[in-house]
$ cat protein-v6.pdb   # PDB, C-alpha atoms
ATOM      1  CA  MET A 193     -53.641 180.487 -97.540
ATOM      2  CA  ILE A 194     -50.996 183.097 -98.285
ATOM      3  CA  SER A 195     -52.323 186.599 -97.664
ATOM      4  CA  THR A 196     -49.324 188.841 -98.325
ATOM      5  CA  VAL A 197     -50.322 192.353 -99.419
ATOM      6  CA  GLY A 198     -49.802 192.772-103.143
ATOM      7  CA  ALA A 199     -49.372 189.038-103.678
ATOM      8  CA  PRO A 200     -50.490 187.218-106.824
ATOM      9  CA  VAL A 201     -53.951 185.745-106.800
ATOM     10  CA  TRP A 202     -54.497 182.458-105.003
ATOM     11  CA  PRO A 203     -53.071 179.922-105.526
ATOM     12  CA  VAL A 204     -49.410 180.645-106.251
ATOM     13  CA  ARG A 205     -48.143 178.235-108.911
ATOM     14  CA  VAL A 206     -44.936 176.375-108.040
ATOM     15  CA  LEU A 207     -43.209 174.109-110.547
ATOM     16  CA  THR A 208     -40.534 171.621-109.518
ATOM     17  CA  VAL A 209     -37.713 170.135-111.583
ATOM     18  CA  THR A 210     -36.879 166.437-111.731
ATOM     19  CA  SER A 211     -34.259 165.476-109.133
ATOM     20  CA  ARG A 212     -32.420 162.404-107.866
ATOM     21  CA  THR A 213     -34.204 162.442-104.506
ATOM     22  CA  GLN A 214     -37.694 163.281-103.320
ATOM     23  CA  ALA A 215     -38.205 167.033-103.367
ATOM     24  CA  THR A 216     -41.633 167.273-101.735
ATOM     25  CA  ARG A 217     -43.741 165.586 -99.088
ATOM     26  CA  TRP A 218     -47.495 165.070 -98.969
ATOM     27  CA  GLU A 219     -50.003 165.310-101.801
ATOM     28  CA  PRO A 220     -50.671 168.433-103.928
ATOM     29  CA  VAL A 221     -53.989 169.002-102.131
ATOM     30  CA  GLU A 222     -52.094 169.645 -98.872
ATOM     31  CA  TYR A 223     -50.150 172.433-100.563
ATOM     32  CA  ARG A 224     -53.432 173.873-101.857
ATOM     33  CA  HIS A 225     -54.504 174.409 -98.266
ATOM     34  CA  HIS A 226     -51.470 176.695 -97.929
ATOM     35  CA  GLY A 227     -52.216 178.679-101.089
ATOM     36  CA  ILE A 228     -49.832 176.805-103.397
ATOM     37  CA  ALA A 229     -50.619 174.991-106.642
ATOM     38  CA  LEU A 230     -47.744 172.506-106.664
ATOM     39  CA  HIS A 231     -46.957 170.873-109.987
ATOM     40  CA  SER A 232     -44.983 167.669-110.110
ATOM     41  CA  PRO A 233     -41.406 167.471-111.398
ATOM     42  CA  VAL A 234     -40.736 168.120-115.076
ATOM     43  CA  ASP A 235     -37.479 167.987-117.009
ATOM     44  CA  VAL A 236     -35.475 171.147-117.622
ATOM     45  CA  VAL A 237     -36.740 171.709-121.158
ATOM     46  CA  GLU A 238     -40.374 171.471-120.117
ATOM     47  CA  ALA A 239     -39.663 173.712-117.130
ATOM     48  CA  LEU A 240     -38.337 176.486-119.376
ATOM     49  CA  LEU A 241     -41.284 176.096-121.747
ATOM     50  CA  GLU A 242     -43.710 176.332-118.834
ATOM     51  CA  LEU A 243     -42.059 179.521-117.618
ATOM     52  CA  GLY A 244     -42.484 180.970-121.086
ATOM     53  CA  ARG A 245     -46.180 180.123-121.134
ATOM     54  CA  GLU A 246     -46.931 181.077-117.531
ATOM     55  CA  PRO A 247     -44.462 183.687-116.246
ATOM     56  CA  ALA A 248     -46.210 184.050-112.863
ATOM     57  CA  THR A 249     -44.748 180.711-111.807
ATOM     58  CA  ILE A 250     -42.156 180.067-109.120
ATOM     59  CA  LEU A 251     -39.572 177.513-110.204
ATOM     60  CA  LEU A 252     -38.278 175.290-107.400
ATOM     61  CA  VAL A 253     -34.911 173.865-108.481
ATOM     62  CA  PRO A 254     -33.435 171.052-106.340
ATOM     63  CA  THR A 255     -29.666 171.106-105.927
ATOM     64  CA  ASP A 256     -29.602 167.480-107.110
ATOM     65  CA  MET A 257     -31.636 168.152-110.261
ATOM     66  CA  VAL A 258     -30.915 166.124-113.383
ATOM     67  CA  GLY A 259     -30.483 167.089-117.023
ATOM     68  CA  MET A 260     -28.454 170.291-116.693
ATOM     69  CA  PRO A 261     -26.001 171.957-114.299
ATOM     70  CA  LEU A 262     -27.888 173.712-111.523
ATOM     71  CA  THR A 263     -26.321 177.110-112.111
ATOM     72  CA  GLU A 264     -27.036 176.963-115.842
ATOM     73  CA  LEU A 265     -30.760 176.404-115.304
ATOM     74  CA  VAL A 266     -30.902 179.223-112.753
ATOM     75  CA  ARG A 267     -29.153 181.531-115.193
ATOM     76  CA  LEU A 268     -31.501 180.654-118.059
ATOM     77  CA  ALA A 269     -34.643 180.883-115.942
ATOM     78  CA  THR A 270     -33.763 184.234-114.389
ATOM     79  CA  SER A 271     -32.176 185.972-117.365
ATOM     80  CA  LEU A 272     -34.161 184.655-120.328
ATOM     81  CA  CYS A 273     -37.520 183.873-118.724
ATOM     82  CA  GLN A 274     -37.370 186.562-116.022
ATOM     83  CA  ALA A 275     -38.663 183.883-113.658
ATOM     84  CA  VAL A 276     -38.711 183.713-109.887
ATOM     85  CA  VAL A 277     -36.441 180.819-108.901
ATOM     86  CA  MET A 278     -35.993 179.193-105.505
ATOM     87  CA  ILE A 279     -33.325 176.649-104.676
ATOM     88  CA  GLY A 280     -34.328 173.403-102.992
ATOM     89  CA  ARG A 281     -31.328 172.334-100.916
ATOM     90  CA  ALA A 282     -30.984 168.557-100.846
ATOM     91  CA  THR A 283     -28.852 166.645 -98.337
ATOM     92  CA  GLY A 284     -25.168 167.103 -99.099
ATOM     93  CA  ALA A 285     -25.656 170.183-101.275
ATOM     94  CA  ASP A 286     -22.570 172.250-102.042
ATOM     95  CA  ASP A 287     -22.898 175.589-100.236
ATOM     96  CA  GLU A 288     -20.713 177.343-102.789
ATOM     97  CA  THR A 289     -23.033 176.288-105.615
ATOM     98  CA  VAL A 290     -26.060 177.494-103.659
ATOM     99  CA  ARG A 291     -24.331 180.839-103.047
ATOM    100  CA  LEU A 292     -23.580 181.174-106.756
ATOM    101  CA  CYS A 293     -27.229 180.474-107.610
ATOM    102  CA  LEU A 294     -28.283 183.325-105.323
ATOM    103  CA  GLU A 295     -25.819 185.605-107.057
ATOM    104  CA  LEU A 296     -27.338 184.568-110.390
ATOM    105  CA  GLY A 297     -30.777 185.708-109.239
ATOM    106  CA  ALA A 298     -32.375 182.895-107.202
ATOM    107  CA  ARG A 299     -34.741 184.452-104.641
ATOM    108  CA  GLY A 300     -34.348 182.048-101.746
ATOM    109  CA  VAL A 301     -33.369 178.626-100.433
ATOM    110  CA  VAL A 302     -35.579 175.967 -98.844
ATOM    111  CA  ASP A 303     -34.474 172.623 -97.418
ATOM    112  CA  LEU A 304     -35.692 169.416 -99.063
ATOM    113  CA  PRO A 305     -37.862 167.459 -98.878
ATOM    114  CA  VAL A 306     -40.126 170.459 -98.604
ATOM    115  CA  THR A 307     -43.339 170.438 -96.566
ATOM    116  CA  PRO A 308     -46.419 172.586 -97.283
ATOM    117  CA  GLU A 309     -45.632 174.861 -94.335
ATOM    118  CA  ARG A 310     -41.968 175.266 -95.296
ATOM    119  CA  LEU A 311     -42.757 175.954 -98.940
ATOM    120  CA  ALA A 312     -45.476 178.465 -98.038
ATOM    121  CA  ALA A 313     -42.986 180.414 -95.919
ATOM    122  CA  ALA A 314     -40.414 180.419 -98.738
ATOM    123  CA  VAL A 315     -43.000 181.441-101.333
ATOM    124  CA  SER A 316     -44.138 184.354 -99.162
ATOM    125  CA  SER A 317     -40.663 185.856 -99.368
ATOM    126  CA  ALA A 318     -40.603 185.423-103.156
ATOM    127  CA  ILE A 319     -44.074 186.840-103.816
ATOM    128  CA  PRO A 320     -42.980 190.515-104.181
ATOM    129  CA  PHE A 321     -41.015 189.508-107.300
ATOM    130  CA  LEU A 322     -44.084 188.085-109.055
ATOM    131  CA  GLN A 323     -46.634 189.918-111.173
ATOM    132  CA  THR A 324     -49.512 191.174-109.044
ATOM    133  CA  GLU A 325     -52.259 191.851-111.571
ATOM    134  CA  PRO A 326     -55.300 189.581-111.102
ATOM    135  CA  GLU A 327     -55.708 187.228-114.037
ATOM    136  CA  VAL A 328     -58.952 186.656-115.908
ATOM    137  CA  LEU A 329     -59.200 184.270-118.864
ATOM    138  CA  THR A 330     -61.990 184.692-121.409
ATOM    139  CA  ARG A 331     -62.540 182.209-124.205
ATOM    140  CA  GLY A 332     -65.778 182.389-126.143
ATOM    141  CA  VAL A 333     -68.709 182.302-123.710
ATOM    142  CA  VAL A 334     -66.535 181.249-120.763
ATOM    143  CA  ARG A 335     -64.954 183.676-118.297
ATOM    144  CA  LEU A 336     -62.587 182.288-115.668
ATOM    145  CA  ASP A 337     -61.473 184.556-112.816
ATOM    146  CA  LEU A 338     -58.418 183.083-111.111
ATOM    147  CA  GLY A 339     -58.385 185.733-108.422
ATOM    148  CA  GLN A 340     -61.904 185.012-107.185
ATOM    149  CA  HIS A 341     -61.884 181.364-108.277
ATOM    150  CA  ARG A 342     -65.104 181.856-110.237
ATOM    151  CA  VAL A 343     -66.386 180.713-113.614
ATOM    152  CA  HIS A 344     -69.134 182.360-115.662
ATOM    153  CA  VAL A 345     -70.726 181.029-118.837
ATOM    154  CA  ARG A 346     -72.810 183.572-120.746
ATOM    155  CA  GLY A 347     -72.835 185.670-117.561
ATOM    156  CA  THR A 348     -74.175 182.857-115.379
ATOM    157  CA  GLU A 349     -71.912 181.636-112.579
ATOM    158  CA  VAL A 350     -71.033 177.946-112.588
ATOM    159  CA  HIS A 351     -69.706 176.318-109.417
ATOM    160  CA  LEU A 352     -66.842 173.927-110.064
ATOM    161  CA  ALA A 353     -64.855 171.605-107.846
ATOM    162  CA  LEU A 354     -61.141 172.328-107.548
ATOM    163  CA  ARG A 355     -60.037 169.710-110.093
ATOM    164  CA  GLU A 356     -62.753 170.791-112.537
ATOM    165  CA  PHE A 357     -61.616 174.406-112.200
ATOM    166  CA  GLU A 358     -57.988 173.403-112.858
ATOM    167  CA  LEU A 359     -59.000 171.291-115.840
ATOM    168  CA  LEU A 360     -60.931 174.180-117.376
ATOM    169  CA  GLU A 361     -58.022 176.531-116.660
ATOM    170  CA  GLN A 362     -55.557 174.315-118.544
ATOM    171  CA  LEU A 363     -57.852 174.099-121.565
ATOM    172  CA  MET A 364     -58.420 177.845-121.606
ATOM    173  CA  ARG A 365     -54.731 178.678-121.299
ATOM    174  CA  ALA A 366     -53.909 176.414-124.239
ATOM    175  CA  HIS A 367     -56.600 177.830-126.546
ATOM    176  CA  PRO A 368     -56.771 177.503-129.513
ATOM    177  CA  GLN A 369     -54.499 174.481-129.318
ATOM    178  CA  VAL A 370     -55.557 170.959-128.387
ATOM    179  CA  VAL A 371     -54.381 169.730-124.991
ATOM    180  CA  LYS A 372     -53.289 166.108-125.097
ATOM    181  CA  VAL A 373     -54.768 163.722-122.558
ATOM    182  CA  HIS A 374     -51.413 162.828-120.993
ATOM    183  CA  ASP A 375     -50.583 166.536-120.615
ATOM    184  CA  LEU A 376     -53.849 167.126-118.762
ATOM    185  CA  ALA A 377     -53.092 164.165-116.491
ATOM    186  CA  ARG A 378     -49.578 165.391-115.753
ATOM    187  CA  ARG A 379     -50.549 168.983-115.073
ATOM    188  CA  LEU A 380     -53.421 168.020-112.781
ATOM    189  CA  GLY A 381     -50.938 166.913-110.158
ATOM    190  CA  GLY A 382     -48.812 164.649-112.311
ATOM    191  CA  GLU A 383     -50.453 161.518-110.947
ATOM    192  CA  PRO A 384     -49.799 158.406-113.091
ATOM    193  CA  ALA A 385     -53.224 157.074-112.104
ATOM    194  CA  LEU A 386     -54.898 159.882-114.062
ATOM    195  CA  THR A 387     -55.421 157.812-117.199
ATOM    196  CA  ALA A 388     -57.330 158.706-120.355
ATOM    197  CA  ALA A 389     -60.437 157.183-118.821
ATOM    198  CA  HIS A 390     -60.137 159.327-115.696
ATOM    199  CA  ILE A 391     -59.680 162.467-117.781
ATOM    200  CA  ALA A 392     -62.677 161.523-119.937
ATOM    201  CA  VAL A 393     -64.834 161.201-116.819
ATOM    202  CA  ALA A 394     -63.579 164.553-115.519
ATOM    203  CA  ILE A 395     -64.354 166.214-118.866
ATOM    204  CA  ARG A 396     -67.836 164.690-118.876
ATOM    205  CA  ARG A 397     -68.559 166.082-115.409
ATOM    206  CA  LEU A 398     -67.206 169.481-116.390
ATOM    207  CA  ARG A 399     -69.414 169.556-119.476
ATOM    208  CA  LEU A 400     -72.483 168.678-117.439
ATOM    209  CA  LYS A 401     -71.857 171.647-115.161
ATOM    210  CA  LEU A 402     -71.205 174.039-118.030
ATOM    211  CA  HIS A 403     -74.250 172.894-120.021
ATOM    212  CA  PRO A 404     -77.023 174.392-117.809
ATOM    213  CA  ALA A 405     -75.464 177.819-118.256
ATOM    214  CA  GLY A 406     -76.816 177.993-121.782
ATOM    215  CA  SER A 407     -74.475 176.013-124.016
ATOM    216  CA  SER A 408     -74.517 172.484-125.306
ATOM    217  CA  PRO A 409     -71.688 170.285-123.894
ATOM    218  CA  GLN A 410     -69.793 170.100-127.182
ATOM    219  CA  GLU A 411     -70.135 173.817-127.805
ATOM    220  CA  ILE A 412     -67.652 174.680-125.040
ATOM    221  CA  ILE A 413     -65.278 171.701-124.877
ATOM    222  CA  GLU A 414     -64.488 169.867-128.078
ATOM    223  CA  THR A 415     -63.150 166.319-128.199
ATOM    224  CA  VAL A 416     -60.386 165.737-130.727
ATOM    225  CA  ARG A 417     -60.487 161.987-131.053
ATOM    226  CA  GLY A 418     -57.246 160.201-130.392
ATOM    227  CA  VAL A 419     -55.552 163.399-129.243
ATOM    228  CA  GLY A 420     -57.289 165.312-126.461
ATOM    229  CA  TYR A 421     -59.566 168.298-125.860
ATOM    230  CA  ARG A 422     -59.796 172.010-126.570
ATOM    231  CA  ILE A 423     -61.939 174.984-125.717
ATOM    232  CA  VAL A 424     -64.194 176.241-128.492
ATOM    233  CA  ALA A 425     -64.356 180.005-128.892
TER     234      ALA A 425
END
$ encode --input "protein-v6.pdb" --output "structure tokens"
Amino acid sequence: MISTVGAPVWPVRVLTVTSRTQATRWEPVEYRHHGIALHSPVDVVEALLELGREPATILLVPTDMVGMPLTELVRLATSLCQAVVMIGRATGADDETVRLCLELGARGVVDLPVTPERLAAAVSSAIPFLQTEPEVLTRGVVRLDLGQHRVHVRGTEVHLALREFELLEQLMRAHPQVVKVHDLARRLGGEPALTAAHIAVAIRRLRLKLHPAGSSPQEIIETVRGVGYRIVA
């Protein structure tokens, strides 16, 4: 776990961009052990949208990314989104391009494919450029403290597993909008195996844990049939 003084609350969110080669090794849970919430590759448009929604995100841009010139994405992310960007240097990367990205505002370079240890070291150097205020989300009767990794419903603490906590976080961040099932699956690690049925089971378990705190299951998480789920405030 990263413990840099003044660092953002655990875990630090890192978003990767789609590339021609593998950018990361190991499963997302291994990165969690090092204080990093690693989100699977997204295209450049989705990456910029994510930075707009969640500014305290580090964007890891591989040198062999697809969809846009590397320097253009770095420029947009740093100037328009005020994001912290790191360059993932793939085999055969052009050193001049990497140097230009650093001049455009990228905060560091890490060799690909990145390991949990290597990424944690790179993130530690980028942490001072992130916002440092602890984040607390409150929607209706639910209060989610990302800094302490705690959830309260009507003042009563509810103990959630990691995936349940992340699922609730995504719903609360999107409020009052509906979160589509495939978006929940992608953002919970981006695993293709997370089908609608898997998400439905995860929602059911989350509701069961939230219910004893004083609310009926449907009062907190609403099902929008054929679309997805949303938090009720």
$ closest_residue --input "protein-v6.pdb" --among "A:Val350, A:Leu338, A:Val236, A:Leu329" --to "Thr208 in chain A" --atoms "all atoms listed in the file"
A:Val236
$ residues_near_point --input "protein-v6.pdb" --point "(-40.7, 186.1, -104.3)" --cutoff "9 Å" --atoms "all atoms listed in the file" --output "list in words"
Ile250, Val276, Val277, Met278, Arg299, Gly300, Ala314, Val315, Ser316, Ser317, Ala318, Ile319, Pro320, Phe321 and Leu322 of chain A
$ write_last_selection --input "protein-v6.pdb" --atoms "C-alpha atoms" --output "mmCIF file, keeping the file's coordinate frame"
data_model
loop_
_atom_site.group_PDB
_atom_site.id
_atom_site.type_symbol
_atom_site.label_atom_id
_atom_site.label_comp_id
_atom_site.auth_asym_id
_atom_site.auth_seq_id
_atom_site.Cartn_x
_atom_site.Cartn_y
_atom_site.Cartn_z
ATOM 1 C CA ILE A 250 -42.156 180.067 -109.120
ATOM 2 C CA VAL A 276 -38.711 183.713 -109.887
ATOM 3 C CA VAL A 277 -36.441 180.819 -108.901
ATOM 4 C CA MET A 278 -35.993 179.193 -105.505
ATOM 5 C CA ARG A 299 -34.741 184.452 -104.641
ATOM 6 C CA GLY A 300 -34.348 182.048 -101.746
ATOM 7 C CA ALA A 314 -40.414 180.419 -98.738
ATOM 8 C CA VAL A 315 -43.000 181.441 -101.333
ATOM 9 C CA SER A 316 -44.138 184.354 -99.162
ATOM 10 C CA SER A 317 -40.663 185.856 -99.368
ATOM 11 C CA ALA A 318 -40.603 185.423 -103.156
ATOM 12 C CA ILE A 319 -44.074 186.840 -103.816
ATOM 13 C CA PRO A 320 -42.980 190.515 -104.181
ATOM 14 C CA PHE A 321 -41.015 189.508 -107.300
ATOM 15 C CA LEU A 322 -44.084 188.085 -109.055
#
$ resolve_selection --input "protein-v6.pdb" --expression "the PyMOL selection byres ((chain A and resi 354) around 12)" --output "ChimeraX atom specification"
/A:203,220-221,224-225,229,338,341-343,351-353,355-361,380-381,394,398
$ write_last_selection --input "protein-v6.pdb" --atoms "C-alpha atoms" --output "CSV table (one decimal), in the coordinates of the input"
chain,number,residue,atom,x,y,z
A,203,PRO,CA,-53.1,179.9,-105.5
A,220,PRO,CA,-50.7,168.4,-103.9
A,221,VAL,CA,-54.0,169.0,-102.1
A,224,ARG,CA,-53.4,173.9,-101.9
A,225,HIS,CA,-54.5,174.4,-98.3
A,229,ALA,CA,-50.6,175.0,-106.6
A,338,LEU,CA,-58.4,183.1,-111.1
A,341,HIS,CA,-61.9,181.4,-108.3
A,342,ARG,CA,-65.1,181.9,-110.2
A,343,VAL,CA,-66.4,180.7,-113.6
A,351,HIS,CA,-69.7,176.3,-109.4
A,352,LEU,CA,-66.8,173.9,-110.1
A,353,ALA,CA,-64.9,171.6,-107.8
A,355,ARG,CA,-60.0,169.7,-110.1
A,356,GLU,CA,-62.8,170.8,-112.5
A,357,PHE,CA,-61.6,174.4,-112.2
A,358,GLU,CA,-58.0,173.4,-112.9
A,359,LEU,CA,-59.0,171.3,-115.8
A,360,LEU,CA,-60.9,174.2,-117.4
A,361,GLU,CA,-58.0,176.5,-116.7
A,380,LEU,CA,-53.4,168.0,-112.8
A,381,GLY,CA,-50.9,166.9,-110.2
A,394,ALA,CA,-63.6,164.6,-115.5
A,398,LEU,CA,-67.2,169.5,-116.4
$ closest_residue --input "protein-v6.pdb" --among "A:Gln362, A:Thr210, A:Thr255, A:Thr307" --to "Ile413 in chain A" --atoms "all atoms listed in the file"
A:Gln362
$ resolve_selection --input "protein-v6.pdb" --expression "the PyMOL selection byres ((chain A and resi 259) around 10)" --output "number ranges by chain"
A: 209-211, 235-237, 256-258, 260-262, 265
$ resolve_selection --input "protein-v6.pdb" --expression "the PyMOL selection byres ((chain A and resi 240) around 10)" --output "list in words"
Val234, Asp235, Val236, Val237, Glu238, Ala239, Leu241, Glu242, Leu243, Gly244, Arg245, Glu246, Pro247, Leu251, Leu265, Leu268, Ala269, Leu272, Cys273 and Ala275 of chain A
$ write_last_selection --input "protein-v6.pdb" --atoms "C-alpha atoms" --output "PDB file, keeping the file's coordinate frame"
ATOM      1  CA  VAL A 234     -40.736 168.120-115.076  1.00  0.00           C
ATOM      2  CA  ASP A 235     -37.479 167.987-117.009  1.00  0.00           C
ATOM      3  CA  VAL A 236     -35.475 171.147-117.622  1.00  0.00           C
ATOM      4  CA  VAL A 237     -36.740 171.709-121.158  1.00  0.00           C
ATOM      5  CA  GLU A 238     -40.374 171.471-120.117  1.00  0.00           C
ATOM      6  CA  ALA A 239     -39.663 173.712-117.130  1.00  0.00           C
ATOM      7  CA  LEU A 241     -41.284 176.096-121.747  1.00  0.00           C
ATOM      8  CA  GLU A 242     -43.710 176.332-118.834  1.00  0.00           C
ATOM      9  CA  LEU A 243     -42.059 179.521-117.618  1.00  0.00           C
ATOM     10  CA  GLY A 244     -42.484 180.970-121.086  1.00  0.00           C
ATOM     11  CA  ARG A 245     -46.180 180.123-121.134  1.00  0.00           C
ATOM     12  CA  GLU A 246     -46.931 181.077-117.531  1.00  0.00           C
ATOM     13  CA  PRO A 247     -44.462 183.687-116.246  1.00  0.00           C
ATOM     14  CA  LEU A 251     -39.572 177.513-110.204  1.00  0.00           C
ATOM     15  CA  LEU A 265     -30.760 176.404-115.304  1.00  0.00           C
ATOM     16  CA  LEU A 268     -31.501 180.654-118.059  1.00  0.00           C
ATOM     17  CA  ALA A 269     -34.643 180.883-115.942  1.00  0.00           C
ATOM     18  CA  LEU A 272     -34.161 184.655-120.328  1.00  0.00           C
ATOM     19  CA  CYS A 273     -37.520 183.873-118.724  1.00  0.00           C
ATOM     20  CA  ALA A 275     -38.663 183.883-113.658  1.00  0.00           C
TER      21      ALA A 275
END
$ atom_distance --input "protein-v6.pdb" --atom1 "CA of Asp286 in chain A" --atom2 "CA of Thr270 in chain A"
20.5 Å
